[in-house]
>>> print(open('upload00.csv').read())   # CSV, N, CA and C atoms
chain,number,residue,atom,x,y,z
A,1,MET,N,37.8,45.2,224.5
A,1,MET,CA,37.5,46.4,223.8
A,1,MET,C,36.3,46.1,222.9
A,2,ILE,N,35.3,46.8,223.1
A,2,ILE,CA,34.1,46.6,222.3
A,2,ILE,C,34.0,47.8,221.4
A,3,GLY,N,33.8,47.6,220.1
A,3,GLY,CA,33.6,48.7,219.1
A,3,GLY,C,35.0,49.2,218.6
A,4,ALA,N,36.0,48.6,218.9
A,4,ALA,CA,37.4,49.1,218.4
A,4,ALA,C,37.6,48.7,217.0
A,5,VAL,N,36.9,47.7,216.5
A,5,VAL,CA,37.1,47.2,215.2
A,5,VAL,C,35.9,47.8,214.4
A,6,ARG,N,36.1,48.4,213.3
A,6,ARG,CA,35.0,48.9,212.5
A,6,ARG,C,35.4,48.9,211.0
A,7,ASP,N,34.4,49.0,210.2
A,7,ASP,CA,34.6,48.9,208.7
A,7,ASP,C,34.8,50.3,208.2
A,8,ILE,N,36.0,50.5,207.7
A,8,ILE,CA,36.3,51.8,207.1
A,8,ILE,C,36.2,51.9,205.6
A,9,SER,N,35.6,50.9,205.0
A,9,SER,CA,35.5,50.9,203.6
A,9,SER,C,34.7,52.1,203.0
A,10,ASP,N,33.7,52.5,203.8
A,10,ASP,CA,32.8,53.7,203.4
A,10,ASP,C,33.7,55.0,203.4
A,11,GLU,N,34.5,55.1,204.4
A,11,GLU,CA,35.4,56.3,204.5
A,11,GLU,C,36.4,56.3,203.4
A,12,GLN,N,37.0,55.2,203.1
A,12,GLN,CA,37.9,55.1,202.0
A,12,GLN,C,37.2,55.4,200.6
A,13,SER,N,36.0,54.9,200.5
A,13,SER,CA,35.3,55.1,199.2
A,13,SER,C,35.0,56.6,199.1
A,14,ALA,N,34.6,57.2,200.2
A,14,ALA,CA,34.2,58.7,200.2
A,14,ALA,C,35.5,59.5,199.9
A,15,ARG,N,36.6,59.1,200.5
A,15,ARG,CA,37.9,59.8,200.2
A,15,ARG,C,38.3,59.7,198.7
A,16,THR,N,38.1,58.5,198.2
A,16,THR,CA,38.5,58.3,196.7
A,16,THR,C,37.5,59.1,195.8
A,17,THR,N,36.2,59.1,196.2
A,17,THR,CA,35.3,59.8,195.4
A,17,THR,C,35.6,61.3,195.4
A,18,HIS,N,35.9,61.8,196.6
A,18,HIS,CA,36.3,63.2,196.8
A,18,HIS,C,37.5,63.6,196.0
A,19,GLN,N,38.5,62.7,196.0
A,19,GLN,CA,39.7,63.0,195.2
A,19,GLN,C,39.4,63.0,193.7
A,20,GLN,N,38.6,62.1,193.3
A,20,GLN,CA,38.2,62.1,191.8
A,20,GLN,C,37.4,63.4,191.5
A,21,LEU,N,36.6,63.8,192.3
A,21,LEU,CA,35.8,65.1,192.1
A,21,LEU,C,36.8,66.3,192.0
A,22,LEU,N,37.8,66.3,192.9
A,22,LEU,CA,38.8,67.4,192.9
A,22,LEU,C,39.5,67.4,191.5
A,23,GLU,N,39.9,66.2,191.1
A,23,GLU,CA,40.7,66.1,189.8
A,23,GLU,C,39.8,66.5,188.6
A,24,GLN,N,38.5,66.1,188.7
A,24,GLN,CA,37.6,66.5,187.6
A,24,GLN,C,37.4,68.1,187.6
A,25,ASN,N,37.3,68.6,188.8
A,25,ASN,CA,37.1,70.1,188.9
A,25,ASN,C,38.3,70.8,188.4
A,26,GLN,N,39.5,70.3,188.7
A,26,GLN,CA,40.8,70.9,188.2
A,26,GLN,C,40.8,70.9,186.7
A,27,ALA,N,40.4,69.7,186.1
A,27,ALA,CA,40.4,69.6,184.6
A,27,ALA,C,39.4,70.6,184.0
A,28,THR,N,38.2,70.7,184.7
A,28,THR,CA,37.2,71.6,184.2
A,28,THR,C,37.7,73.1,184.2
A,29,TYR,N,38.3,73.5,185.4
A,29,TYR,CA,38.8,74.8,185.5
A,29,TYR,C,39.9,75.1,184.5
A,30,GLY,N,40.7,74.1,184.2
A,30,GLY,CA,41.7,74.3,183.2
A,30,GLY,C,41.1,74.5,181.8
A,31,GLN,N,40.1,73.8,181.5
A,31,GLN,CA,39.4,74.0,180.2
A,31,GLN,C,38.8,75.4,180.2
A,32,ILE,N,38.1,75.8,181.3
A,32,ILE,CA,37.5,77.1,181.3
A,32,ILE,C,38.6,78.2,181.2
A,33,ALA,N,39.7,78.1,181.8
A,33,ALA,CA,40.8,79.0,181.7
A,33,ALA,C,41.3,79.1,180.2
A,34,THR,N,41.4,78.0,179.5
A,34,THR,CA,41.8,78.0,178.1
A,34,THR,C,40.7,78.8,177.3
A,35,ILE,N,39.5,78.5,177.5
A,35,ILE,CA,38.4,79.2,176.8
A,35,ILE,C,38.5,80.7,177.0
A,36,VAL,N,38.6,81.1,178.3
A,36,VAL,CA,38.7,82.5,178.6
A,36,VAL,C,39.9,83.2,177.9
A,37,SER,N,41.0,82.5,177.9
A,37,SER,CA,42.2,83.0,177.2
A,37,SER,C,41.9,83.2,175.7
A,38,VAL,N,41.3,82.3,175.1
A,38,VAL,CA,41.0,82.4,173.7
A,38,VAL,C,40.0,83.6,173.4
A,39,ILE,N,39.0,83.7,174.3
A,39,ILE,CA,38.0,84.8,174.2
A,39,ILE,C,38.8,86.2,174.4
A,40,LYS,N,39.7,86.2,175.3
A,40,LYS,CA,40.4,87.4,175.6
A,40,LYS,C,41.3,87.8,174.4
A,41,GLY,N,41.9,86.8,173.8
A,41,GLY,CA,42.7,87.0,172.6
A,41,GLY,C,41.9,87.6,171.4
A,42,ILE,N,40.7,87.0,171.2
A,42,ILE,CA,39.8,87.5,170.2
A,42,ILE,C,39.4,88.9,170.5
A,43,ALA,N,39.0,89.2,171.8
A,43,ALA,CA,38.6,90.6,172.1
A,43,ALA,C,39.8,91.6,171.9
A,44,ASP,N,41.0,91.2,172.3
A,44,ASP,CA,42.2,92.0,172.0
A,44,ASP,C,42.3,92.3,170.5
A,45,GLN,N,42.2,91.3,169.7
A,45,GLN,CA,42.3,91.5,168.3
A,45,GLN,C,41.2,92.4,167.7
A,46,THR,N,40.0,92.2,168.2
A,46,THR,CA,38.9,93.0,167.8
A,46,THR,C,39.1,94.5,168.2
A,47,GLY,N,39.6,94.7,169.4
A,47,GLY,CA,39.9,96.0,169.9
A,47,GLY,C,41.0,96.7,169.0
A,48,LEU,N,42.0,95.9,168.6
A,48,LEU,CA,43.0,96.4,167.7
A,48,LEU,C,42.4,96.8,166.3
A,49,ILE,N,41.5,95.9,165.8
A,49,ILE,CA,40.9,96.2,164.5
A,49,ILE,C,40.0,97.5,164.6
A,50,CYS,N,39.3,97.7,165.8
A,50,CYS,CA,38.5,98.9,166.0
A,50,CYS,C,39.4,100.1,166.0
A,51,SER,N,40.6,100.0,166.7
A,51,SER,CA,41.5,101.1,166.8
A,51,SER,C,42.0,101.5,165.4
A,52,ILE,N,42.4,100.5,164.6
A,52,ILE,CA,42.9,100.8,163.2
A,52,ILE,C,41.8,101.4,162.4
A,53,TYR,N,40.5,100.9,162.5
A,53,TYR,CA,39.4,101.5,161.7
A,53,TYR,C,39.2,103.0,162.1
A,54,LYS,N,39.2,103.2,163.5
A,54,LYS,CA,39.0,104.6,164.0
A,54,LYS,C,40.1,105.5,163.4
A,55,LEU,N,41.3,105.0,163.5
A,55,LEU,CA,42.5,105.8,163.0
A,55,LEU,C,42.3,106.1,161.5
A,56,MET,N,41.9,105.1,160.7
A,56,MET,CA,41.8,105.3,159.3
A,56,MET,C,40.7,106.3,159.0
A,57,THR,N,39.5,106.1,159.6
A,57,THR,CA,38.4,107.1,159.4
A,57,THR,C,38.8,108.5,159.8
A,58,THR,N,39.5,108.6,160.9
A,58,THR,CA,39.9,109.9,161.4
A,58,THR,C,40.9,110.5,160.4
A,59,PHE,N,41.8,109.7,159.9
A,59,PHE,CA,42.8,110.2,158.9
A,59,PHE,C,42.1,110.6,157.6
A,60,TYR,N,41.1,109.8,157.2
A,60,TYR,CA,40.4,110.2,156.0
A,60,TYR,C,39.6,111.5,156.2
A,61,PHE,N,38.9,111.6,157.3
A,61,PHE,CA,38.2,112.8,157.6
A,61,PHE,C,39.1,114.1,157.6
A,62,LEU,N,40.2,113.9,158.3
A,62,LEU,CA,41.1,115.1,158.4
A,62,LEU,C,41.8,115.4,157.1
A,63,MET,N,42.0,114.4,156.2
A,63,MET,CA,42.6,114.7,154.9
A,63,MET,C,41.6,115.3,153.9
A,64,THR,N,40.4,115.1,154.1
A,64,THR,CA,39.4,115.5,153.1
A,64,THR,C,38.5,116.7,153.6
A,65,THR,N,38.7,117.2,154.9
A,65,THR,CA,38.0,118.3,155.4
A,65,THR,C,38.2,119.5,154.5
A,66,GLU,N,37.1,120.2,154.2
A,66,GLU,CA,37.1,121.4,153.4
A,66,GLU,C,37.7,121.2,152.0
A,67,GLY,N,37.7,120.0,151.6
A,67,GLY,CA,38.2,119.7,150.2
A,67,GLY,C,39.7,119.9,150.0
A,68,LYS,N,40.4,120.1,151.0
A,68,LYS,CA,41.8,120.3,150.9
A,68,LYS,C,42.6,119.2,151.5
A,69,VAL,N,43.3,118.5,150.7
A,69,VAL,CA,44.1,117.4,151.3
A,69,VAL,C,45.2,118.0,152.2
A,70,GLY,N,45.2,117.5,153.4
A,70,GLY,CA,46.3,117.9,154.3
A,70,GLY,C,45.9,119.2,155.1
A,71,SER,N,44.7,119.7,154.9
A,71,SER,CA,44.4,121.0,155.6
A,71,SER,C,44.3,120.8,157.1
A,72,ASN,N,44.0,119.6,157.6
A,72,ASN,CA,44.0,119.4,159.0
A,72,ASN,C,45.1,118.3,159.4
A,73,PHE,N,46.1,118.2,158.6
A,73,PHE,CA,47.1,117.1,158.8
A,73,PHE,C,47.7,117.3,160.2
A,74,ASP,N,48.0,118.5,160.7
A,74,ASP,CA,48.7,118.7,161.9
A,74,ASP,C,47.8,118.2,163.1
A,75,ARG,N,46.5,118.1,163.0
A,75,ARG,CA,45.7,117.5,164.0
A,75,ARG,C,45.9,116.0,164.2
A,76,LEU,N,46.4,115.3,163.3
A,76,LEU,CA,46.7,113.9,163.4
A,76,LEU,C,47.6,113.6,164.6
A,77,TYR,N,48.5,114.5,164.9
A,77,TYR,CA,49.5,114.3,165.9
A,77,TYR,C,49.0,114.6,167.3
A,78,GLU,N,47.7,115.1,167.5
A,78,GLU,CA,47.2,115.3,168.8
A,78,GLU,C,47.0,114.0,169.5
A,79,PRO,N,47.2,113.9,170.8
A,79,PRO,CA,47.0,112.6,171.5
A,79,PRO,C,45.5,112.3,171.5
A,80,LYS,N,45.2,111.0,171.3
A,80,LYS,CA,43.8,110.5,171.2
A,80,LYS,C,43.6,109.6,172.4
A,81,ASP,N,42.4,109.5,172.9
A,81,ASP,CA,42.1,108.5,173.9
A,81,ASP,C,41.2,107.5,173.3
A,82,TYR,N,41.7,106.3,173.1
A,82,TYR,CA,40.9,105.2,172.6
A,82,TYR,C,40.6,104.2,173.6
A,83,SER,N,40.6,104.6,174.9
A,83,SER,CA,40.4,103.6,176.0
A,83,SER,C,38.9,103.2,176.0
A,84,ASP,N,38.0,103.9,175.3
A,84,ASP,CA,36.6,103.5,175.3
A,84,ASP,C,36.3,102.4,174.3
A,85,ILE,N,37.3,101.9,173.6
A,85,ILE,CA,37.0,100.9,172.6
A,85,ILE,C,36.8,99.6,173.3
>>> encode(input="upload00.csv", output="structure tokens")
Amino acid sequence: MIGAVRDISDEQSARTTHQQLLEQNQATYGQIATIVSVIKGIADQTGLICSIYKLMTTFYFLMTTEGKVGSNFDRLYEPKDYSDI
């Protein structure tokens, strides 16, 4: 048999390098997922702060319209759409 014996060290090296790259990619994707999660948490908190600010300014406006405290108080209970925040 001619050519039946061959050096497979290059194939093993390529397989090892490929496995190391996969592990590095998984670690990188894990770090990216953590960063995205933190950014989403900050965005959610910012959205909540914006909603509270909008509610407070609306409440102030309704309470002080026409110089009468409570003149528009019943409008506070109308459904509001804050989905654009």
>>> atom_distance(input="upload00.csv", atom1="atom N of A:Val38", atom2="atom C of A:Met56")
28.9 Å
>>> atom_distance(input="upload00.csv", atom1="atom C of A:Tyr29", atom2="atom CA of A:Ile42")
18.9 Å
>>> atom_distance(input="upload00.csv", atom1="atom CA of A:Ile39", atom2="atom CA of A:Thr58")
28.2 Å
